[in-house]
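Shown here: start_25.pdb, PDB, C-alpha atoms and all ligand atoms.
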```
ATOM      1  CA  MET A1232       0.000   0.000   0.000
ATOM      2  CA  LYS A1233       2.700   2.416   0.990
ATOM      3  CA  ILE A1234       4.900   1.562  -1.956
ATOM      4  CA  CYS A1235       1.986   2.035  -4.298
ATOM      5  CA  ALA A1236       1.319   5.514  -2.976
ATOM      6  CA  GLN A1237       4.982   6.336  -3.302
ATOM      7  CA  ILE A1238       5.085   5.300  -6.941
ATOM      8  CA  ILE A1239       2.057   7.418  -7.729
ATOM      9  CA  GLY A1240       3.808  10.226  -5.919
ATOM     10  CA  ILE A1241       6.870   9.844  -8.111
ATOM     11  CA  ILE A1242       4.863   9.846 -11.283
ATOM     12  CA  VAL A1243       2.946  12.946 -10.299
ATOM     13  CA  LEU A1244       6.066  14.727  -9.184
ATOM     14  CA  ALA A1245       8.037  13.709 -12.220
ATOM     15  CA  ARG A1246       5.281  14.978 -14.503
ATOM     16  CA  LEU A1247       5.271  18.240 -12.655
ATOM     17  CA  LEU A1248       8.991  18.566 -12.973
ATOM     18  CA  LYS A1249       8.844  17.638 -16.638
ATOM     19  CA  GLU A1250       6.294  20.344 -17.275
ATOM     20  CA  VAL A1251       8.539  22.852 -15.539
ATOM     21  CA  ASP A1252      11.524  21.548 -17.448
ATOM     22  CA  GLY A1253       9.613  21.678 -20.718
ATOM     23  CA  LYS A1254      12.082  19.578 -22.687
ATOM     24  CA  GLY A1255      10.752  16.136 -21.950
ATOM     25  CA  GLU A1256      13.844  14.346 -23.283
ATOM     26  CA  ILE A1257      15.497  13.607 -19.970
ATOM     27  CA  SER A1258      13.966  10.690 -18.157
ATOM     28  CA  ASP A1259      11.631  11.675 -15.337
ATOM     29  CA  LEU A1260      13.662   9.943 -12.708
ATOM     30  CA  GLU A1261      16.849  11.569 -13.872
ATOM     31  CA  SER A1262      15.349  15.024 -13.634
ATOM     32  CA  LEU A1263      13.931  14.236 -10.201
ATOM     33  CA  ALA A1264      17.364  13.157  -9.030
ATOM     34  CA  LYS A1265      18.897  16.340 -10.372
ATOM     35  CA  THR A1266      16.395  18.584  -8.617
ATOM     36  CA  ASP A1267      16.877  16.605  -5.442
ATOM     37  CA  ALA A1268      20.652  16.951  -5.680
ATOM     38  CA  MET A1269      20.305  20.686  -6.094
ATOM     39  CA  TYR A1270      18.067  21.169  -3.054
ATOM     40  CA  THR A1271      20.095  18.738  -0.969
ATOM     41  CA  ALA A1272      23.174  20.800  -1.779
ATOM     42  CA  LEU A1273      21.353  23.983  -0.781
ATOM     43  CA  LEU A1274      20.195  22.455   2.501
ATOM     44  CA  LYS A1275      23.717  21.185   3.176
ATOM     45  CA  GLU A1276      25.017  24.650   2.615
ATOM     46  CA  ILE A1277      22.595  25.963   5.246
ATOM     47  CA  ASN A1278      23.806  23.270   7.618
ATOM     48  CA  SER A1279      27.477  24.027   7.098
ATOM     49  CA  THR A1280      26.917  27.790   7.334
ATOM     50  CA  PHE A1281      24.939  27.581  10.572
ATOM     51  CA  HIS A1282      26.238  24.384  12.106
ATOM     52  CA  LYS A1283      28.225  26.510  14.473
ATOM     53  CA  ARG A1284      25.371  28.856  15.394
ATOM     54  CA  PRO A1285      25.954  32.540  14.819
ATOM     55  CA  LEU A1286      26.493  34.351  18.114
ATOM     56  CA  LEU A1287      23.194  36.186  17.968
ATOM     57  CA  ALA A1288      21.190  33.069  17.124
ATOM     58  CA  GLU A1289      22.762  30.916  19.822
ATOM     59  CA  LYS A1290      19.876  31.215  22.270
ATOM     60  CA  ASN A1291      17.164  31.824  19.714
ATOM     61  CA  ALA A1292      14.560  29.049  19.970
ATOM     62  CA  GLU A1293      12.888  30.041  16.708
ATOM     63  CA  PHE A1294      16.152  29.870  14.809
ATOM     64  CA  GLU A1295      16.918  26.524  16.391
ATOM     65  CA  LYS A1296      13.527  25.127  15.384
ATOM     66  CA  ASN A1297      14.026  26.198  11.773
ATOM     67  CA  PHE A1298      17.535  24.842  11.701
ATOM     68  CA  GLN A1299      16.453  21.467  13.066
ATOM     69  CA  THR A1300      13.861  21.259  10.282
ATOM     70  CA  VAL A1301      16.705  21.596   7.785
ATOM     71  CA  LEU A1302      18.510  18.680   9.427
ATOM     72  CA  VAL A1303      15.382  16.559   9.244
ATOM     73  CA  ALA A1304      14.866  17.491   5.573
ATOM     74  CA  LEU A1305      18.438  16.465   4.781
ATOM     75  CA  ASN A1306      17.493  13.006   5.947
ATOM     76  CA  LEU A1307      14.612  12.675   3.483
ATOM     77  CA  SER A1308      14.780  10.665   0.285
ATOM     78  CA  MET A1309      14.513  12.219  -3.153
ATOM     79  CA  TYR A1310      10.874  11.220  -3.316
ATOM     80  CA  GLU A1311      10.130  13.839  -0.708
ATOM     81  CA  ILE A1312      11.601  16.614  -2.791
ATOM     82  CA  ALA A1313       8.503  18.781  -2.290
ATOM     83  CA  THR A1314       9.129  18.878   1.458
ATOM     84  CA  LYS A1315      12.793  19.674   0.877
ATOM     85  CA  ILE A1316      11.896  22.612  -1.324
ATOM     86  CA  ASP A1317       9.428  23.871   1.295
ATOM     87  CA  VAL A1318      11.950  23.592   4.092
ATOM     88  CA  TYR A1319      14.600  25.340   2.060
ATOM     89  CA  THR A1320      12.234  28.207   1.201
ATOM     90  CA  ASP A1321      10.931  28.532   4.757
ATOM     91  CA  PHE A1322      14.373  28.634   6.292
ATOM     92  CA  THR A1323      15.732  31.100   3.782
ATOM     93  CA  VAL A1324      12.810  33.473   4.177
ATOM     94  CA  TYR A1325      12.875  33.210   7.969
ATOM     95  CA  ASN A1326      16.588  33.864   8.077
ATOM     96  CA  GLN A1327      16.492  36.826   5.720
ATOM     97  CA  ILE A1328      13.822  38.468   7.831
ATOM     98  CA  ARG A1329      15.805  37.725  10.979
ATOM     99  CA  LEU A1330      18.940  39.365   9.565
ATOM    100  CA  GLU A1331      17.005  42.383   8.373
ATOM    101  CA  LEU A1332      15.378  42.830  11.802
ATOM    102  CA  GLU A1333      18.723  42.457  13.529
ATOM    103  CA  ARG A1334      20.176  45.189  11.355
ATOM    104  CA  GLU A1335      17.304  47.405  12.492
ATOM    105  CA  ILE A1336      17.911  46.474  16.116
ATOM    106  CA  PHE A1337      21.588  47.390  15.794
ATOM    107  CA  LYS A1338      20.707  50.746  14.294
ATOM    108  CA  LYS A1339      18.271  51.509  17.087
ATOM    109  CA  LEU A1340      20.779  50.403  19.710
ATOM    110  CA  GLN A1341      23.365  52.794  18.325
ATOM    111  CA  VAL A1342      20.931  55.684  18.505
ATOM    112  CA  ALA A1343      19.959  54.806  22.088
ATOM    113  CA  GLU A1344      23.609  54.526  23.079
ATOM    114  CA  ARG A1345      24.569  57.846  21.524
ATOM    115  CA  LEU A1346      21.651  59.674  23.096
ATOM    116  CA  GLN A1347      22.458  58.335  26.530
ATOM    117  CA  LYS A1348      25.936  59.808  26.309
ATOM    118  CA  MET A1349      24.453  63.271  26.034
ATOM    119  CA  GLU A1350      24.529  65.099  29.338
ATOM    120  CA  ASN A1351      21.449  67.215  28.773
ATOM    121  CA  LEU A1352      19.083  64.416  27.792
ATOM    122  CA  MET A1353      15.772  64.629  29.668
ATOM    123  CA  PRO A1354      15.786  62.195  32.621
ATOM    124  CA  THR A1355      12.575  60.509  31.453
ATOM    125  CA  CYS A1356      14.120  59.914  28.028
ATOM    126  CA  ARG A1357      17.346  58.726  29.572
ATOM    127  CA  ILE A1358      15.375  56.105  31.450
ATOM    128  CA  PHE A1359      13.378  55.290  28.349
ATOM    129  CA  PHE A1360      16.476  54.737  26.220
ATOM    130  CA  ALA A1361      18.218  52.744  28.951
ATOM    131  CA  ASN A1362      15.190  50.431  29.147
ATOM    132  CA  GLN A1363      14.933  50.283  25.390
ATOM    133  CA  GLN A1364      18.555  49.239  25.167
ATOM    134  CA  VAL A1365      17.942  46.341  27.543
ATOM    135  CA  GLN A1366      14.871  45.273  25.570
ATOM    136  CA  LEU A1367      16.638  45.496  22.236
ATOM    137  CA  ILE A1368      19.580  43.429  23.413
ATOM    138  CA  GLY A1369      17.152  40.856  24.802
ATOM    139  CA  SER A1370      15.254  40.735  21.519
ATOM    140  CA  PHE A1371      18.153  39.137  19.635
ATOM    141  CA  SER A1372      17.189  35.794  21.096
ATOM    142  CA  GLN A1373      13.477  36.291  20.417
ATOM    143  CA  SER A1374      11.311  35.286  17.476
ATOM    144  CA  ASN A1375      11.005  37.520  14.433
ATOM    145  CA  LEU A1376       7.530  38.541  15.500
ATOM    146  CA  MET A1377       8.762  39.621  18.942
ATOM    147  CA  LYS A1378      11.673  41.472  17.361
ATOM    148  CA  LEU A1379       9.219  43.336  15.184
ATOM    149  CA  GLU A1380       7.071  44.203  18.174
ATOM    150  CA  ILE A1381       9.990  45.430  20.235
ATOM    151  CA  LEU A1382      11.302  47.471  17.321
ATOM    152  CA  ASN A1383       7.927  49.129  16.870
ATOM    153  CA  HIS A1384       7.297  49.839  20.515
ATOM    154  CA  PRO A1385       7.450  53.599  20.464
ATOM    155  CA  GLY A1386       8.208  55.988  23.283
ATOM    156  CA  PRO A1387       5.775  58.803  22.509
ATOM    157  CA  GLU A1388       7.732  61.297  24.597
ATOM    158  CA  CYS A1389      11.221  60.434  23.431
ATOM    159  CA  GLU A1390      10.947  58.989  19.932
ATOM    160  CA  ASN A1391       9.560  60.536  16.775
ATOM    161  CA  VAL A1392       9.473  63.951  18.431
ATOM    162  CA  GLU A1393      11.407  67.074  17.577
ATOM    163  CA  VAL A1394      14.913  66.542  18.776
ATOM    164  CA  GLN A1395      15.045  69.587  21.080
ATOM    165  CA  LYS A1396      12.120  68.153  23.053
ATOM    166  CA  ILE A1397      14.219  65.353  24.481
ATOM    167  CA  PHE A1398      16.935  67.648  25.765
ATOM    168  CA  ILE A1399      16.935  69.891  28.789
ATOM    169  CA  ALA A1400      16.963  73.540  27.758
ATOM    170  CA  PRO A1401      20.217  75.165  28.857
ATOM    171  CA  THR A1402      19.609  77.337  31.915
ATOM    172  CA  SER A1403      21.872  80.257  31.019
ATOM    173  CA  SER A1404      24.153  81.076  33.960
ATOM    174  CA  THR A1405      22.273  79.640  36.939
ATOM    175  CA  ALA A1406      23.910  76.526  38.299
ATOM    176  CA  ARG A1407      22.172  73.381  37.213
ATOM    177  CA  PRO A1408      21.065  71.045  40.022
ATOM    178  CA  ASP A1409      23.140  67.901  40.348
ATOM    179  CA  ASN A1410      22.043  65.353  37.823
ATOM    180  CA  TYR A1411      22.090  62.140  39.814
ATOM    181  CA  ASP A1412      20.724  60.143  36.887
ATOM    182  CA  THR A1413      23.783  60.905  34.790
ATOM    183  CA  GLU A1414      26.103  59.971  37.617
ATOM    184  CA  ILE A1415      24.240  56.765  38.407
ATOM    185  CA  LEU A1416      24.237  55.775  34.746
ATOM    186  CA  LYS A1417      27.976  56.359  34.617
ATOM    187  CA  VAL A1418      28.498  53.989  37.529
ATOM    188  CA  LEU A1419      26.194  51.388  35.976
ATOM    189  CA  ALA A1420      28.057  51.630  32.676
ATOM    190  CA  LYS A1421      31.384  51.242  34.483
ATOM    191  CA  TYR A1422      30.190  48.031  36.119
ATOM    192  CA  ARG A1423      28.464  46.526  33.137
ATOM    193  CA  THR A1424      30.902  43.714  33.838
ATOM    194  CA  ARG A1425      31.454  43.049  37.537
ATOM    195  CA  PRO A1426      34.833  43.541  39.165
ATOM    196  CA  TRP A1427      36.931  40.417  38.592
ATOM    197  CA  GLY A1428      34.869  39.137  35.707
ATOM    198  CA  LYS A1429      31.796  37.019  35.664
ATOM    199  CA  LYS A1430      31.951  35.058  38.918
ATOM    200  CA  THR A1431      28.988  35.131  41.293
ATOM    201  CA  TYR A1432      29.359  38.206  43.450
ATOM    202  CA  ARG A1433      26.143  38.452  45.442
ATOM    203  CA  ASP A1434      27.126  41.315  47.696
ATOM    204  CA  PHE A1435      28.223  43.474  44.795
ATOM    205  CA  ASP A1436      25.084  42.591  42.834
ATOM    206  CA  GLU A1437      22.915  43.672  45.756
ATOM    207  CA  LYS A1438      24.704  46.970  46.094
ATOM    208  CA  ILE A1439      24.494  47.782  42.413
ATOM    209  CA  TRP A1440      20.856  46.688  42.353
ATOM    210  CA  ASN A1441      20.033  49.409  44.889
ATOM    211  CA  LEU A1442      21.572  51.900  42.543
ATOM    212  CA  PHE A1443      19.598  50.510  39.647
ATOM    213  CA  MET A1444      16.393  50.862  41.646
ATOM    214  CA  ALA A1445      17.278  54.465  42.483
ATOM    215  CA  ILE A1446      17.252  55.360  38.783
ATOM    216  CA  ASN A1447      13.600  54.498  38.584
ATOM    217  CA  SER A1448      12.734  56.525  41.649
ATOM    218  CA  GLU A1449      11.249  59.990  41.454
ATOM    219  CA  GLU A1450      12.899  61.043  44.705
ATOM    220  CA  GLN A1451      16.069  63.100  44.226
ATOM    221  CA  THR A1452      17.204  62.487  47.802
ATOM    222  CA  PHE A1453      16.781  58.744  47.345
ATOM    223  CA  LYS A1454      19.013  58.899  44.270
ATOM    224  CA  LYS A1455      21.550  61.051  46.085
ATOM    225  CA  ASN A1456      21.714  58.705  49.076
ATOM    226  CA  ALA A1457      21.877  55.587  46.933
ATOM    227  CA  LEU A1458      24.733  57.050  44.924
ATOM    228  CA  ALA A1459      26.652  58.093  48.048
ATOM    229  CA  ALA A1460      26.110  54.672  49.666
ATOM    230  CA  PHE A1461      27.331  52.834  46.608
ATOM    231  CA  LYS A1462      30.387  55.036  46.218
ATOM    232  CA  LYS A1463      31.367  54.486  49.843
ATOM    233  CA  TYR A1464      30.884  50.729  49.495
ATOM    234  CA  ASP A1465      32.834  50.632  46.242
ATOM    235  CA  GLU A1466      35.753  52.604  47.664
ATOM    236  CA  ASP A1467      36.057  50.253  50.649
ATOM    237  CA  ARG A1468      35.689  47.258  48.395
ATOM    238  CA  ALA A1469      38.453  48.458  46.077
ATOM    239  CA  ILE A1470      40.866  49.049  48.974
ATOM    240  CA  LEU A1471      40.155  45.655  50.534
ATOM    241  CA  ASP A1472      40.423  43.894  47.168
ATOM    242  CA  LYS A1473      43.800  45.482  46.607
ATOM    243  CA  ALA A1474      44.973  44.299  50.018
ATOM    244  CA  LEU A1475      43.625  40.795  49.333
ATOM    245  CA  ALA A1476      45.351  40.642  45.955
ATOM    246  CA  HIS A1477      48.583  41.813  47.555
ATOM    247  CA  ARG A1478      48.402  39.145  50.245
ATOM    248  CA  ILE A1479      47.580  36.403  47.749
ATOM    249  CA  ALA A1480      50.675  37.421  45.803
ATOM    250  CA  GLU A1481      52.782  37.283  48.978
ATOM    251  CA  PHE A1482      51.508  33.791  49.764
ATOM    252  CA  GLU A1483      52.181  32.663  46.217
ATOM    253  CA  LYS A1484      55.745  33.835  46.541
ATOM    254  CA  GLN A1485      56.133  32.112  49.916
ATOM    255  CA  ILE A1486      54.532  28.729  49.128
ATOM    256  CA  PRO A1487      57.410  27.206  47.069
ATOM    257  CA  HIS A1488      59.869  27.880  49.925
ATOM    258  CA  GLU A1489      57.753  26.198  52.608
ATOM    259  CA  THR A1490      57.561  22.616  53.780
ATOM    260  CA  ASN A1491      54.480  20.848  55.089
ATOM    261  CA  PRO A1492      52.333  21.375  57.078
ATOM    262  CA  CYS A1493      52.959  25.056  56.579
ATOM    263  CA  ARG A1494      52.847  24.744  52.800
ATOM    264  CA  VAL A1495      49.430  23.063  52.797
ATOM    265  CA  ASP A1496      48.185  25.634  55.239
ATOM    266  CA  LEU A1497      49.325  28.519  53.097
ATOM    267  CA  ILE A1498      47.717  27.014  50.002
ATOM    268  CA  ARG A1499      44.431  26.681  51.874
ATOM    269  CA  LEU A1500      44.606  30.228  53.171
ATOM    270  CA  LYS A1501      45.452  31.526  49.736
ATOM    271  CA  LYS A1502      42.275  29.920  48.417
ATOM    272  CA  GLU A1503      40.279  31.461  51.233
ATOM    273  CA  LEU A1504      41.645  34.866  50.347
ATOM    274  CA  GLY A1505      40.658  34.287  46.733
ATOM    275  CA  ARG A1506      37.110  33.443  47.768
ATOM    276  CA  ALA A1507      36.978  36.495  49.999
ATOM    277  CA  MET A1508      37.317  38.657  46.923
ATOM    278  CA  PHE A1509      33.673  37.831  46.159
ATOM    279  CA  GLU A1510      32.395  38.286  49.687
ATOM    280  CA  THR A1511      31.070  41.203  51.718
ATOM    281  CA  THR A1512      33.504  43.907  52.802
ATOM    282  CA  GLN A1513      33.186  42.645  56.391
ATOM    283  CA  LYS A1514      34.280  39.149  55.331
ATOM    284  CA  LYS A1515      37.102  40.531  53.227
ATOM    285  CA  HIS A1516      38.307  42.428  56.272
ATOM    286  CA  ASN A1517      38.008  39.340  58.495
ATOM    287  CA  SER A1518      39.997  37.238  56.039
ATOM    288  CA  LEU A1519      42.781  39.765  56.014
ATOM    289  CA  VAL A1520      42.905  39.905  59.789
ATOM    290  CA  ALA A1521      42.768  36.120  60.092
ATOM    291  CA  THR A1522      45.722  35.639  57.767
ATOM    292  CA  ASN A1523      47.883  38.240  59.461
ATOM    293  CA  TYR A1524      49.599  35.532  61.463
ATOM    294  CA  VAL A1525      50.056  32.077  60.043
ATOM    295  CA  LYS A1526      50.455  29.914  63.127
ATOM    296  CA  THR A1527      51.820  26.707  61.634
ATOM    297  CA  CYS A1528      54.604  28.500  59.824
ATOM    298  CA  LEU A1529      56.748  28.803  62.910
ATOM    299  CA  ASN A1530      59.995  29.121  60.973
ATOM    300  CA  ASN A1531      58.720  31.837  58.792
ATOM    301  CA  GLN A1532      56.445  33.583  61.169
ATOM    302  CA  ILE A1533      58.700  36.536  61.627
ATOM    303  CA  LYS A1534      59.467  36.850  57.951
ATOM    304  CA  LEU A1535      55.803  36.711  57.042
ATOM    305  CA  PHE A1536      54.840  39.130  59.737
ATOM    306  CA  LEU A1537      57.371  41.605  58.418
ATOM    307  CA  ALA A1538      56.181  41.118  54.879
ATOM    308  CA  MET A1539      52.651  41.841  55.903
ATOM    309  CA  ASN A1540      53.219  44.609  58.319
ATOM    310  CA  ASP A1541      53.150  47.192  55.589
ATOM    311  CA  LEU A1542      49.655  46.125  54.598
ATOM    312  CA  THR A1543      47.758  48.294  57.003
ATOM    313  CA  LEU A1544      44.033  48.217  56.660
TER
HETATM  314  C1  LIG B1601      26.088  19.386   9.071
HETATM  315  O1  LIG B1601      27.321  20.074   9.131
HETATM  316  C2  LIG B1601      28.237  19.506  10.035
HETATM  317  C3  LIG B1601      29.463  20.415  10.110
HETATM  318  O2  LIG B1601      29.878  20.848   8.838
HETATM  319  C4  LIG B1601      28.580  18.093   9.605
HETATM  320  O3  LIG B1601      29.459  17.507  10.556
HETATM  321  C5  LIG B1601      27.293  17.274   9.518
HETATM  322  O4  LIG B1601      27.581  15.990   9.034
HETATM  323  C6  LIG B1601      26.294  17.951   8.609
HETATM  324  N1  LIG B1601      25.043  17.217   8.640
HETATM  325  C7  LIG B1601      24.420  16.832   7.539
HETATM  326  C8  LIG B1601      23.154  16.086   7.762
HETATM  327  O5  LIG B1601      24.849  17.057   6.413
HETATM  328  C1  LIG B1602      18.447  10.841  10.251
HETATM  329  O1  LIG B1602      18.249   9.441  10.119
HETATM  330  C2  LIG B1602      18.982   8.651  10.987
HETATM  331  C3  LIG B1602      18.760   7.199  10.633
HETATM  332  O2  LIG B1602      17.417   6.931  10.422
HETATM  333  C4  LIG B1602      18.569   8.971  12.430
HETATM  334  O3  LIG B1602      19.345   8.229  13.339
HETATM  335  C5  LIG B1602      18.792  10.447  12.688
HETATM  336  O4  LIG B1602      18.329  10.791  13.983
HETATM  337  C6  LIG B1602      18.068  11.285  11.655
HETATM  338  N1  LIG B1602      18.404  12.684  11.860
HETATM  339  C7  LIG B1602      17.489  13.650  11.921
HETATM  340  C8  LIG B1602      18.007  14.995  12.120
HETATM  341  O5  LIG B1602      16.302  13.423  11.799
END
```

With the file now loaded, output its structure as structure tokens.
Ligand SMILES: *[C@@H]1O[C@H](CO)[C@@H](O)[C@H](O)[C@H]1NC(C)=O
Ligand SMILES: *[C@@H]1O[C@H](CO)[C@@H](O)[C@H](O)[C@H]1NC(C)=O
Amino acid sequence: MKICAQIIGIIVLARLLKEVDGKGEISDLESLAKTDAMYTALLKEINSTFHKRPLLAEKNAEFEKNFQTVLVALNLSMYEIATKIDVYTDFTVYNQIRLELEREIFKKLQVAERLQKMENLMPTCRIFFANQQVQLIGSFSQSNLMKLEILNHPGPECENVEVQKIFIAPTSSTARPDNYDTEILKVLAKYRTRPWGKKTYRDFDEKIWNLFMAINSEEQTFKKNALAAFKKYDEDRAILDKALAHRIAEFEKQIPHETNPCRVDLIRLKKELGRAMFETTQKKHNSLVATNYVKTCLNNQIKLFLAMNDLTL
């Protein structure tokens, strides 16, 4: 039964192809094989181009779904040429639209970035463009439809308005009030990547989150206090981190010259100091105090103490 249907399928398909071909001299099967070879080659090209997913499509479920369809189609026999042609067309159209939308997203991101660098941008627009930036970046991994929606999500106050409307009018000679938004945004931009890379750093995340919340507040004093609190925290953190790094370096220098158990002890303490770099300032401080004297290293106690004496907290 199945074979019968398949044969009918071939005949119908071959006739179709013959009509398209128009010549009629080549045998039906031969022309079917040729068409199949062509579309198989095209599908293979898609596979080899996107086998290693492009960076922007890496977490894109829609892209992945389309790509998997190509893999499935590559597995089909030449008698399912119609499906292969469909899959090839669908993928190509989807991908072209995706690329076009991503070009638009990039353009919009550039505009948002440039505007945010301008000091006299209205605070509401600054917030709008900061949020838009986050949304646009997130949209790379979304479906084409979502990309389109995000791209066409207008900010009536800040987009498609006369350009002078999104900037604060210069107030001749009178001193402008402190613009906490600008300062907060500067700090947020500085710490787009956390100190010491991408490791989990809960305490730091909490502190910077407070600052992030302050941006969305209407209260100037709240912004001012949040900014001051973060700056104080960050200063302390930087000093303690420097001291920790210094001590880790000292231990590293010392370890090869030690024998056990002191050596093992120093290695353990060095690791603890490394972990302390991602802890609260209180814990950083405690770690530094705790490693001031290394009890098992009796022979080197004096040497170590001298080496560390210059590291006042
Ligand atoms: C897809 O491309 C990869 C990498 O070029 C290759 O290893 C794999 O065999 C291809 N798959 C098919 C079905 O052609
Ligand atoms: C292709 O066919 C083989 C053998 O039937 C199967 O193991 C494989 O999972 C198929 N691949 C896809 C992508 O469907």

### Task
To verify the selection step, state as a VMD selection string which residues the PyMOL selection byres (((chain A and resi 1366-1369) around 10) and not hetatm) yields on this input.
chain A and resid 1287 1333 1335 to 1337 1339 to 1340 1343 1360 to 1365 1370 to 1373 1378 1381 to 1382

Deliver the residues from the most recent selection as a file, using C-alpha atoms, as a JSON list (two decimals), in the coordinates of the input.
```
[["chain", "number", "residue", "atom", "x", "y", "z"],
["A", 1287, "LEU", "CA", 23.19, 36.19, 17.97],
["A", 1333, "GLU", "CA", 18.72, 42.46, 13.53],
["A", 1335, "GLU", "CA", 17.30, 47.40, 12.49],
["A", 1336, "ILE", "CA", 17.91, 46.47, 16.12],
["A", 1337, "PHE", "CA", 21.59, 47.39, 15.79],
["A", 1339, "LYS", "CA", 18.27, 51.51, 17.09],
["A", 1340, "LEU", "CA", 20.78, 50.40, 19.71],
["A", 1343, "ALA", "CA", 19.96, 54.81, 22.09],
["A", 1360, "PHE", "CA", 16.48, 54.74, 26.22],
["A", 1361, "ALA", "CA", 18.22, 52.74, 28.95],
["A", 1362, "ASN", "CA", 15.19, 50.43, 29.15],
["A", 1363, "GLN", "CA", 14.93, 50.28, 25.39],
["A", 1364, "GLN", "CA", 18.56, 49.24, 25.17],
["A", 1365, "VAL", "CA", 17.94, 46.34, 27.54],
["A", 1370, "SER", "CA", 15.25, 40.74, 21.52],
["A", 1371, "PHE", "CA", 18.15, 39.14, 19.64],
["A", 1372, "SER", "CA", 17.19, 35.79, 21.10],
["A", 1373, "GLN", "CA", 13.48, 36.29, 20.42],
["A", 1378, "LYS", "CA", 11.67, 41.47, 17.36],
["A", 1381, "ILE", "CA", 9.99, 45.43, 20.24],
["A", 1382, "LEU", "CA", 11.30, 47.47, 17.32]]
```

### Task
Can you tell me which residues come within 10 Å of ligand LIG 1602 (chain B) when counting only C-alpha atoms and all ligand atoms, ideally as a PyMOL selection string?
chain A and resi 1298-1307

### Query
Which distance in Å separates CA of Glu1380 in chain A and CA of Leu1330 in chain A, to one decimal?
15.4 Å

### Task
Check which residues satisfy the PyMOL selection byres (((chain A and resi 1454-1457) around 8) and not hetatm) in the file shown, then give them as JSON, numbers by chain.
{"A": [1411, 1412, 1441, 1442, 1445, 1446, 1448, 1450, 1451, 1452, 1453, 1458, 1459, 1460, 1461]}

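Between CA of Ala1264 in chain A and CA of Gln1327 in chain A the separation is 27.9 Å.
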
#### Entry: Residues matched by the PyMOL selection byres (((chain A and resi 1274-1286) around 9) and not hetatm) as a list in words
Met1269, Tyr1270, Thr1271, Ala1272, Leu1273, Leu1287, Ala1288, Glu1289, Lys1290, Glu1295, Phe1298, Val1301, Leu1302, Ala1304, Leu1305, Lys1315, Val1318, Tyr1319, Phe1322 and Thr1323 of chain A

### Task
Please provide as number ranges by chain all residues within 7 Å of Asn1351 in chain A, with the sequence filter that same-chain residues fewer than 2 positions apart are discarded (counting only C-alpha atoms).
A: 1349, 1353, 1398-1399

### Message
If I take CA of Lys1502 in chain A and CA of Thr1490 in chain A, how far is one from the other in Å, to one decimal?
### Response
17.8 Å

Residue neighbourhood Phe1482 in chain A, 7 Å, only C-alpha atoms, exclusion window fewer than 3 positions, as a tab-separated table (two decimals) with C-alpha atoms, keeping the file's coordinate frame:
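Final output, saved to selection.tsv:
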```tsv
chain	number	residue	atom	x	y	z
A	1478	ARG	CA	48.40	39.15	50.24
A	1479	ILE	CA	47.58	36.40	47.75
A	1485	GLN	CA	56.13	32.11	49.92
A	1486	ILE	CA	54.53	28.73	49.13
A	1497	LEU	CA	49.32	28.52	53.10
A	1501	LYS	CA	45.45	31.53	49.74
```

#### Entry: Residues within 10 Å of (17.3, 63.1, 20.0), counting only C-alpha atoms, listed as a list of chain:residue names
A:Val1342, A:Ala1343, A:Arg1345, A:Leu1346, A:Gln1347, A:Met1349, A:Leu1352, A:Met1353, A:Cys1356, A:Cys1389, A:Glu1390, A:Asn1391, A:Val1392, A:Glu1393, A:Val1394, A:Gln1395, A:Lys1396, A:Ile1397, A:Phe1398

### Summary
One residue among A:Val1324, A:Lys1421, A:Phe1509, A:Leu1475 is nearest to Thr1522 in chain A when using all atoms listed in the file, and that residue is A:Leu1475

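Shortest separation to Glu1437 in chain A among A:Glu1331, A:Glu1510, A:Glu1261, A:Asp1267 occurs at residue A:Glu1510, atoms counted being all atoms listed in the file.
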
Which centre and which edge lengths, in Å to one decimal, describe the axis-aligned box that holds all listed atoms of range 1360-1375 of chain A after 8 Å is added on each side, as JSON?
```
{"center_x": 15.3, "center_y": 45.0, "center_z": 21.8, "size_x": 24.6, "size_y": 35.5, "size_z": 30.7}
```

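By chain and then residue number, the residues within 12 Å of Lys1514 in chain A are Asp1434, Arg1468, Leu1471, Asp1472, Leu1475, Glu1503, Leu1504, Gly1505, Arg1506, Ala1507, Met1508, Phe1509, Glu1510, Thr1511, Asn1517, Ser1518, Leu1519, Val1520 and Ala1521 of chain A, counting all atoms listed in the file and disregarding those fewer than 3 positions away in sequence.
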